[in-house]
>>> print(open('query_33.csv').read())   # CSV, C-alpha atoms and all ligand atoms
chain,number,residue,atom,x,y,z
A,196,MET,CA,-22.1,-5.3,6.2
A,197,ASN,CA,-21.6,-7.2,2.9
A,198,TYR,CA,-19.5,-5.5,0.3
A,199,LYS,CA,-18.6,-6.2,-3.3
A,200,VAL,CA,-16.2,-4.6,-5.7
A,201,GLY,CA,-17.9,-2.0,-7.8
A,202,ASN,CA,-16.7,-0.2,-11.0
A,203,VAL,CA,-13.1,0.5,-12.0
A,204,LEU,CA,-12.2,4.0,-11.0
A,205,ILE,CA,-8.6,3.9,-12.1
A,206,SER,CA,-7.4,1.2,-14.5
A,207,GLU,CA,-4.3,-0.8,-14.2
A,208,GLU,CA,-3.0,0.9,-17.4
A,209,ASP,CA,-3.5,4.4,-16.0
A,210,ILE,CA,-1.8,3.4,-12.7
A,211,VAL,CA,1.2,1.9,-14.5
A,212,SER,CA,1.8,5.1,-16.5
A,213,LYS,CA,1.2,7.4,-13.6
A,214,VAL,CA,3.6,5.5,-11.3
A,215,ALA,CA,6.2,5.7,-14.1
A,216,GLU,CA,5.7,9.4,-14.4
A,217,LEU,CA,5.9,10.0,-10.6
A,218,GLY,CA,9.1,7.9,-10.4
A,219,LYS,CA,10.7,9.9,-13.2
A,220,ILE,CA,9.9,13.2,-11.5
A,221,ILE,CA,11.2,12.0,-8.1
A,222,GLY,CA,14.3,10.6,-9.8
A,223,GLU,CA,14.9,14.0,-11.3
A,224,ASP,CA,14.3,15.9,-8.1
A,225,TYR,CA,16.6,13.7,-6.0
A,226,LYS,CA,19.3,12.9,-8.6
A,227,GLY,CA,22.8,12.5,-7.0
A,228,GLU,CA,21.2,12.2,-3.5
A,229,ASP,CA,20.5,9.5,-0.9
A,230,LEU,CA,16.7,9.1,-0.4
A,231,VAL,CA,15.0,7.2,2.3
A,232,VAL,CA,11.6,6.1,1.0
A,233,VAL,CA,9.2,5.5,3.9
A,234,GLY,CA,6.2,3.3,3.1
A,235,ILE,CA,3.2,3.5,5.4
A,236,LEU,CA,2.0,-0.1,5.9
A,237,ARG,CA,0.0,-1.8,4.7
A,238,GLY,CA,-1.9,0.3,2.1
A,239,ALA,CA,1.2,1.8,0.5
A,240,ALA,CA,3.2,-1.4,0.1
A,241,ILE,CA,2.2,-2.2,-3.5
A,242,PHE,CA,2.4,1.4,-4.7
A,243,MET,CA,5.8,1.8,-3.1
A,244,ALA,CA,7.2,-1.4,-4.7
A,245,ASP,CA,6.3,-0.1,-8.1
A,246,LEU,CA,7.3,3.5,-7.4
A,247,VAL,CA,10.9,2.7,-6.3
A,248,ARG,CA,11.4,0.6,-9.4
A,249,ASN,CA,10.6,3.7,-11.5
A,250,ILE,CA,13.2,5.9,-9.7
A,251,ASP,CA,16.4,5.6,-11.7
A,252,ASP,CA,19.8,4.6,-10.2
A,253,ARG,CA,21.1,8.2,-10.1
A,254,VAL,CA,19.2,8.2,-6.8
A,255,ASN,CA,20.6,6.1,-3.9
A,256,VAL,CA,17.3,4.7,-2.7
A,257,SER,CA,16.8,2.9,0.6
A,258,MET,CA,13.4,1.6,1.9
A,259,ASP,CA,12.0,1.7,5.4
A,260,PHE,CA,8.4,1.2,6.7
A,261,MET,CA,6.1,2.5,9.4
A,262,SER,CA,2.8,1.1,10.5
A,263,VAL,CA,0.3,3.4,12.0
A,264,SER,CA,-3.3,3.2,13.1
A,265,SER,CA,-5.7,6.0,14.0
A,266,TYR,CA,-7.8,5.8,17.1
A,267,GLY,CA,-11.2,6.6,15.6
A,268,VAL,CA,-14.6,5.5,14.8
A,269,SER,CA,-15.1,3.4,11.6
A,270,THR,CA,-13.3,4.8,8.6
A,271,THR,CA,-13.0,8.4,10.0
A,272,SER,CA,-9.6,9.4,11.2
A,273,SER,CA,-9.5,11.0,14.6
A,274,GLY,CA,-6.1,12.6,14.1
A,275,VAL,CA,-4.7,10.7,17.0
A,276,VAL,CA,-2.3,8.2,15.5
A,277,ARG,CA,-0.6,5.3,17.2
A,278,ILE,CA,2.7,4.0,15.8
A,279,ASN,CA,2.5,0.2,15.6
A,280,LYS,CA,5.9,-0.1,13.9
A,281,ASP,CA,8.5,2.6,13.8
A,282,LEU,CA,11.3,3.1,11.3
A,283,ASP,CA,14.2,0.7,11.6
A,284,ASN,CA,16.8,3.4,10.7
A,285,VAL,CA,17.7,6.9,11.8
A,286,ILE,CA,16.6,9.6,9.4
A,287,LYS,CA,18.6,12.6,10.9
A,288,ASP,CA,20.2,14.6,8.0
A,289,LYS,CA,18.6,12.3,5.3
A,290,HIS,CA,16.2,13.2,2.5
A,291,VAL,CA,13.0,11.4,3.4
A,292,LEU,CA,9.9,10.7,1.2
A,293,ILE,CA,6.8,9.4,2.9
A,294,VAL,CA,4.7,7.2,0.6
A,295,GLU,CA,1.0,6.7,1.3
A,296,ASP,CA,-1.8,5.0,-0.5
A,297,ILE,CA,-4.4,7.7,0.0
A,298,VAL,CA,-4.7,11.1,1.8
A,299,ASP,CA,-8.2,11.6,3.1
A,300,THR,CA,-8.7,14.1,6.0
A,301,GLY,CA,-4.9,14.5,6.0
A,302,LEU,CA,-4.8,14.0,9.8
A,303,THR,CA,-2.6,10.8,9.6
A,304,LEU,CA,0.0,12.5,7.4
A,305,SER,CA,0.1,15.7,9.3
A,306,TYR,CA,0.7,13.8,12.5
A,307,LEU,CA,3.4,11.6,10.9
A,308,LYS,CA,5.0,14.7,9.4
A,309,ARG,CA,5.3,16.3,12.8
A,310,VAL,CA,6.8,13.1,14.4
A,311,LEU,CA,9.4,12.7,11.6
A,312,LEU,CA,10.3,16.4,11.5
A,313,GLU,CA,11.3,16.1,15.2
A,314,ARG,CA,14.0,13.7,14.0
A,315,GLU,CA,15.6,16.4,11.9
A,316,PRO,CA,15.7,14.9,8.4
A,317,ARG,CA,17.5,17.0,5.8
A,318,SER,CA,14.2,17.2,4.0
A,319,LEU,CA,10.8,15.6,4.2
A,320,ALA,CA,8.4,15.2,1.3
A,321,LEU,CA,5.0,13.4,0.8
A,322,CYS,CA,3.9,11.2,-2.0
A,323,SER,CA,0.4,9.7,-2.3
A,324,LEU,CA,-1.2,7.6,-5.0
A,325,LEU,CA,-4.6,9.0,-4.3
A,326,ASP,CA,-5.9,12.3,-2.9
A,327,LYS,CA,-9.5,12.8,-1.7
A,328,LYS,CA,-9.1,16.5,-1.5
A,329,GLU,CA,-12.7,17.4,-0.6
A,330,ARG,CA,-12.4,15.5,2.7
A,331,ARG,CA,-9.3,17.4,3.8
A,332,ILE,CA,-9.3,18.7,7.4
A,333,ALA,CA,-5.6,19.1,8.1
A,334,ASP,CA,-3.7,21.8,6.2
A,335,ILE,CA,-1.2,19.6,4.5
A,336,SER,CA,0.3,19.8,1.0
A,337,VAL,CA,1.2,16.6,-0.8
A,338,ASP,CA,4.3,17.0,-3.0
A,339,TYR,CA,3.6,14.2,-5.4
A,340,VAL,CA,0.1,13.0,-6.1
A,341,GLY,CA,-1.0,10.3,-8.5
A,342,PHE,CA,-4.8,10.9,-8.9
A,343,ASP,CA,-7.4,13.2,-7.3
A,344,ILE,CA,-10.5,11.1,-6.5
A,345,PRO,CA,-14.0,12.0,-5.3
A,346,ASP,CA,-15.3,11.1,-1.8
A,347,ILE,CA,-16.0,7.4,-2.4
A,348,PHE,CA,-14.4,4.4,-0.7
A,349,VAL,CA,-12.0,2.6,-2.9
A,350,VAL,CA,-10.1,-0.7,-2.9
A,351,GLY,CA,-7.4,-2.3,-4.9
A,352,TYR,CA,-3.7,-1.7,-5.7
A,353,GLY,CA,-2.9,-2.0,-1.9
A,354,LEU,CA,-6.1,-0.4,-0.6
A,355,ASP,CA,-8.5,-2.7,1.3
A,356,CYS,CA,-11.9,-3.1,2.7
A,357,ALA,CA,-11.6,-5.2,5.9
A,358,GLU,CA,-8.2,-6.5,4.5
A,359,ARG,CA,-9.7,-7.7,1.2
A,360,TRP,CA,-8.9,-6.7,-2.4
A,361,ARG,CA,-5.4,-5.2,-1.8
A,362,ASN,CA,-4.2,-7.6,-4.6
A,363,LEU,CA,-6.4,-6.1,-7.4
A,364,ARG,CA,-4.4,-4.4,-10.1
A,365,SER,CA,-6.9,-1.5,-10.6
A,366,VAL,CA,-8.6,0.8,-8.2
A,367,TYR,CA,-12.3,0.1,-7.7
A,368,SER,CA,-15.3,1.6,-5.9
A,369,VAL,CA,-17.0,-0.6,-3.3
A,370,ASP,CA,-20.7,-1.4,-3.3
A,371,VAL,CA,-22.7,-2.3,-0.2
A,372,LEU,CA,-24.6,-5.5,-0.9
A,373,SER,CA,-26.5,-5.9,2.4
A,374,GLN,CA,-26.4,-4.5,5.9
A,375,ASP,CA,-25.9,-7.8,7.7
B,1,LIG,P1,-6.5,10.4,6.8
B,1,LIG,O1,-8.0,10.7,6.9
B,1,LIG,O2,-5.8,10.6,8.1
B,1,LIG,O3,-6.5,8.9,6.5
B,1,LIG,O4,-5.9,11.2,5.6
B,1,LIG,C1,-5.8,8.2,5.5
B,1,LIG,C2,-6.1,6.8,5.7
B,1,LIG,O5,-7.5,6.5,5.7
B,1,LIG,C3,-7.7,5.3,5.0
B,1,LIG,N1,-8.6,5.5,3.9
B,1,LIG,C4,-9.0,4.6,2.9
B,1,LIG,N2,-8.6,3.3,2.8
B,1,LIG,N3,-10.0,3.2,0.9
B,1,LIG,C5,-9.2,2.6,1.7
B,1,LIG,O6,-8.8,1.4,1.6
B,1,LIG,C6,-10.4,4.5,1.0
B,1,LIG,O7,-11.2,5.0,0.1
B,1,LIG,C7,-9.8,5.2,2.1
B,1,LIG,N4,-10.0,6.5,2.5
B,1,LIG,C8,-9.2,6.6,3.6
B,1,LIG,C9,-6.3,4.8,4.5
B,1,LIG,O8,-5.9,3.8,5.4
B,1,LIG,C10,-5.4,6.0,4.6
B,1,LIG,O9,-4.1,5.7,4.9
B,2,MG,MG,-3.2,3.6,4.9
>>> encode(input="query_33.csv", output="structure tokens")
Amino acid sequence: MNYKVGNVLISEEDIVSKVAELGKIIGEDYKGEDLVVVGILRGAAIFMADLVRNIDDRVNVSMDFMSVSSYGVSTTSSGVVRINKDLDNVIKDKHVLIVEDIVDTGLTLSYLKRVLLEREPRSLALCSLLDKKERRIADISVDYVGFDIPDIFVVGYGLDCAERWRNLRSVYSVDVLSQD
């Protein structure tokens, strides 16, 4: 398949102000606390980098990362998730915030949540830049959401199509150019 970047769905300007807003709320919610921010590689890397810089220094922020992949067909998650890279640090008794680029069916996050809760963190919350609510299968609530989006495939600001376009500053739809 051949793809090209389509229309802007969320502009750089809107992303910048939303990430500032989320960082401010998270900063307020965790003030005076230690917080382990867990980014899910690779999609959340860019969002996470901007988000943590919008959490003020009343929060003692540390960063850790996980990489997961779902065993599944094409872009549909199967709900069975393989951990390719686990956290470097122990989260027992820590406040943990998982940061994702997008929640789609919710199967990845609900699995991750189960795995991390077994490690007995003090608390576990979820933050996602984008939420495709109408595709939800797993019953999962996301504590901090940037934008609700319709059921279309999007790229940019960390999100990719076959590893392309993560570097774009806005979020775009993707158009199919040809089937070959
Ligand atoms: P689930 O369905 O488990 O999966 O919530 C979430 C993961 O699916 C990927 N995903 C996308 N990636 N543009 C992307 O670049 C999209 O529109 C999209 N929708 C789902 C993504 O990897 C996410 O972590
Ligand atoms: Mg992802």
>>> residues_near_ligand(input="query_33.csv", ligand="ligand LIG 1 (chain B)", cutoff="7 Å", atoms="all atoms listed in the file", output="ChimeraX atom specification")
/A:238,270-272,274,295-304,347-350,354-356
>>> closest_residue(input="query_33.csv", among="A:Ala239, A:Glu358, A:Val291, A:Leu372", to="ligand MG 2 (chain B)", atoms="all atoms listed in the file")
A:Ala239
>>> atom_distance(input="query_33.csv", atom1="atom CA of A:Arg331", atom2="atom CA of A:Tyr306")
13.7 Å
>>> atom_distance(input="query_33.csv", atom1="atom CA of A:Ile278", atom2="atom CA of A:Val231")
18.5 Å
>>> closest_residue(input="query_33.csv", among="A:Tyr198, A:Phe342, A:Phe260, A:Tyr367", to="ligand MG 2 (chain B)", atoms="all atoms listed in the file")
A:Phe260
>>> residues_around(input="query_33.csv", residues="A:Pro316", least_positions_apart="5", cutoff="6 Å", atoms="all atoms listed in the file", output="JSON, numbers by chain")
{"A": [286, 287, 288, 289]}
>>> closest_residue(input="query_33.csv", among="A:Asn255, A:Asn284, A:Ser264, A:Ser212", to="ligand MG 2 (chain B)", atoms="all atoms listed in the file")
A:Ser264
>>> closest_residue(input="query_33.csv", among="A:Leu363, A:Val371, A:Ile293, A:Ile344", to="ligand MG 2 (chain B)", atoms="all atoms listed in the file")
A:Ile293
>>> residues_around(input="query_33.csv", residues="A:Asp346", least_positions_apart="3", cutoff="10 Å", atoms="only C-alpha atoms", output="short mmCIF file (atom, residue, chain, number, x, y, z; two decimals) with C-alpha atoms, in the coordinates of the input")
data_model
loop_
_atom_site.label_atom_id
_atom_site.label_comp_id
_atom_site.auth_asym_id
_atom_site.auth_seq_id
_atom_site.Cartn_x
_atom_site.Cartn_y
_atom_site.Cartn_z
CA ASP A 299 -8.20 11.60 3.10
CA ASP A 326 -5.90 12.30 -2.90
CA LYS A 327 -9.50 12.80 -1.70
CA LYS A 328 -9.10 16.50 -1.50
CA GLU A 329 -12.70 17.40 -0.60
CA ARG A 330 -12.40 15.50 2.70
CA ASP A 343 -7.40 13.20 -7.30
CA VAL A 349 -12.00 2.60 -2.90
#
>>> atom_distance(input="query_33.csv", atom1="atom CA of A:Val256", atom2="atom CA of A:Gly351")
25.8 Å
>>> closest_residue(input="query_33.csv", among="A:Val366, A:Val310, A:Met261, A:Ile335", to="ligand MG 2 (chain B)", atoms="only C-alpha atoms and all ligand atoms")
A:Met261
>>> decode(input="query_33.csv", residues="stretch 292-313 of chain A", atoms="N, CA and C atoms", output="PDB file, in the first residue's frame")
ATOM      1  N   LEU A 292       2.421   7.000  36.424  1.00  0.00           N
ATOM      2  CA  LEU A 292       1.546   7.531  35.375  1.00  0.00           C
ATOM      3  C   LEU A 292       1.996   6.946  34.039  1.00  0.00           C
ATOM      4  N   ILE A 293       1.139   6.121  33.429  1.00  0.00           N
ATOM      5  CA  ILE A 293       1.443   5.561  32.105  1.00  0.00           C
ATOM      6  C   ILE A 293       1.084   6.598  31.048  1.00  0.00           C
ATOM      7  N   VAL A 294       1.999   6.845  30.123  1.00  0.00           N
ATOM      8  CA  VAL A 294       1.746   7.812  29.048  1.00  0.00           C
ATOM      9  C   VAL A 294       1.718   7.089  27.707  1.00  0.00           C
ATOM     10  N   GLU A 295       0.597   7.211  27.012  1.00  0.00           N
ATOM     11  CA  GLU A 295       0.398   6.579  25.699  1.00  0.00           C
ATOM     12  C   GLU A 295       0.135   7.650  24.636  1.00  0.00           C
ATOM     13  N   ASP A 296       0.380   7.290  23.391  1.00  0.00           N
ATOM     14  CA  ASP A 296       0.043   8.194  22.298  1.00  0.00           C
ATOM     15  C   ASP A 296      -1.456   8.164  22.010  1.00  0.00           C
ATOM     16  N   ILE A 297      -2.008   6.935  21.973  1.00  0.00           N
ATOM     17  CA  ILE A 297      -3.413   6.788  21.568  1.00  0.00           C
ATOM     18  C   ILE A 297      -4.017   5.546  22.223  1.00  0.00           C
ATOM     19  N   VAL A 298      -5.245   5.660  22.666  1.00  0.00           N
ATOM     20  CA  VAL A 298      -6.002   4.495  23.127  1.00  0.00           C
ATOM     21  C   VAL A 298      -7.061   4.223  22.081  1.00  0.00           C
ATOM     22  N   ASP A 299      -7.030   2.984  21.612  1.00  0.00           N
ATOM     23  CA  ASP A 299      -7.900   2.577  20.520  1.00  0.00           C
ATOM     24  C   ASP A 299      -8.906   1.575  21.099  1.00  0.00           C
ATOM     25  N   THR A 300      -8.657   0.276  20.946  1.00  0.00           N
ATOM     26  CA  THR A 300      -9.541  -0.703  21.591  1.00  0.00           C
ATOM     27  C   THR A 300      -9.384  -0.671  23.112  1.00  0.00           C
ATOM     28  N   GLY A 301      -8.226  -0.221  23.573  1.00  0.00           N
ATOM     29  CA  GLY A 301      -7.960  -0.190  25.015  1.00  0.00           C
ATOM     30  C   GLY A 301      -7.345  -1.485  25.530  1.00  0.00           C
ATOM     31  N   LEU A 302      -7.178  -2.458  24.625  1.00  0.00           N
ATOM     32  CA  LEU A 302      -6.675  -3.774  25.049  1.00  0.00           C
ATOM     33  C   LEU A 302      -5.217  -3.691  25.526  1.00  0.00           C
ATOM     34  N   THR A 303      -4.414  -2.899  24.844  1.00  0.00           N
ATOM     35  CA  THR A 303      -3.002  -2.766  25.249  1.00  0.00           C
ATOM     36  C   THR A 303      -2.915  -2.184  26.657  1.00  0.00           C
ATOM     37  N   LEU A 304      -3.619  -1.102  26.878  1.00  0.00           N
ATOM     38  CA  LEU A 304      -3.542  -0.452  28.191  1.00  0.00           C
ATOM     39  C   LEU A 304      -4.150  -1.290  29.305  1.00  0.00           C
ATOM     40  N   SER A 305      -5.200  -2.016  29.010  1.00  0.00           N
ATOM     41  CA  SER A 305      -5.810  -2.799  30.082  1.00  0.00           C
ATOM     42  C   SER A 305      -4.880  -3.950  30.471  1.00  0.00           C
ATOM     43  N   TYR A 306      -4.158  -4.494  29.481  1.00  0.00           N
ATOM     44  CA  TYR A 306      -3.168  -5.534  29.795  1.00  0.00           C
ATOM     45  C   TYR A 306      -2.016  -4.941  30.613  1.00  0.00           C
ATOM     46  N   LEU A 307      -1.513  -3.805  30.137  1.00  0.00           N
ATOM     47  CA  LEU A 307      -0.391  -3.151  30.830  1.00  0.00           C
ATOM     48  C   LEU A 307      -0.746  -2.784  32.263  1.00  0.00           C
ATOM     49  N   LYS A 308      -1.964  -2.311  32.417  1.00  0.00           N
ATOM     50  CA  LYS A 308      -2.427  -1.915  33.738  1.00  0.00           C
ATOM     51  C   LYS A 308      -2.409  -3.118  34.691  1.00  0.00           C
ATOM     52  N   ARG A 309      -2.892  -4.240  34.177  1.00  0.00           N
ATOM     53  CA  ARG A 309      -2.906  -5.465  34.990  1.00  0.00           C
ATOM     54  C   ARG A 309      -1.487  -5.862  35.391  1.00  0.00           C
ATOM     55  N   VAL A 310      -0.575  -5.829  34.422  1.00  0.00           N
ATOM     56  CA  VAL A 310       0.819  -6.226  34.678  1.00  0.00           C
ATOM     57  C   VAL A 310       1.453  -5.302  35.723  1.00  0.00           C
ATOM     58  N   LEU A 311       1.238  -4.007  35.575  1.00  0.00           N
ATOM     59  CA  LEU A 311       1.890  -3.061  36.486  1.00  0.00           C
ATOM     60  C   LEU A 311       1.245  -3.069  37.873  1.00  0.00           C
ATOM     61  N   LEU A 312      -0.061  -3.319  37.944  1.00  0.00           N
ATOM     62  CA  LEU A 312      -0.728  -3.375  39.256  1.00  0.00           C
ATOM     63  C   LEU A 312      -0.217  -4.538  40.103  1.00  0.00           C
ATOM     64  N   GLU A 313       0.204  -5.628  39.437  1.00  0.00           N
ATOM     65  CA  GLU A 313       0.778  -6.772  40.165  1.00  0.00           C
ATOM     66  C   GLU A 313       2.060  -6.377  40.903  1.00  0.00           C
TER      67      GLU A 313
END
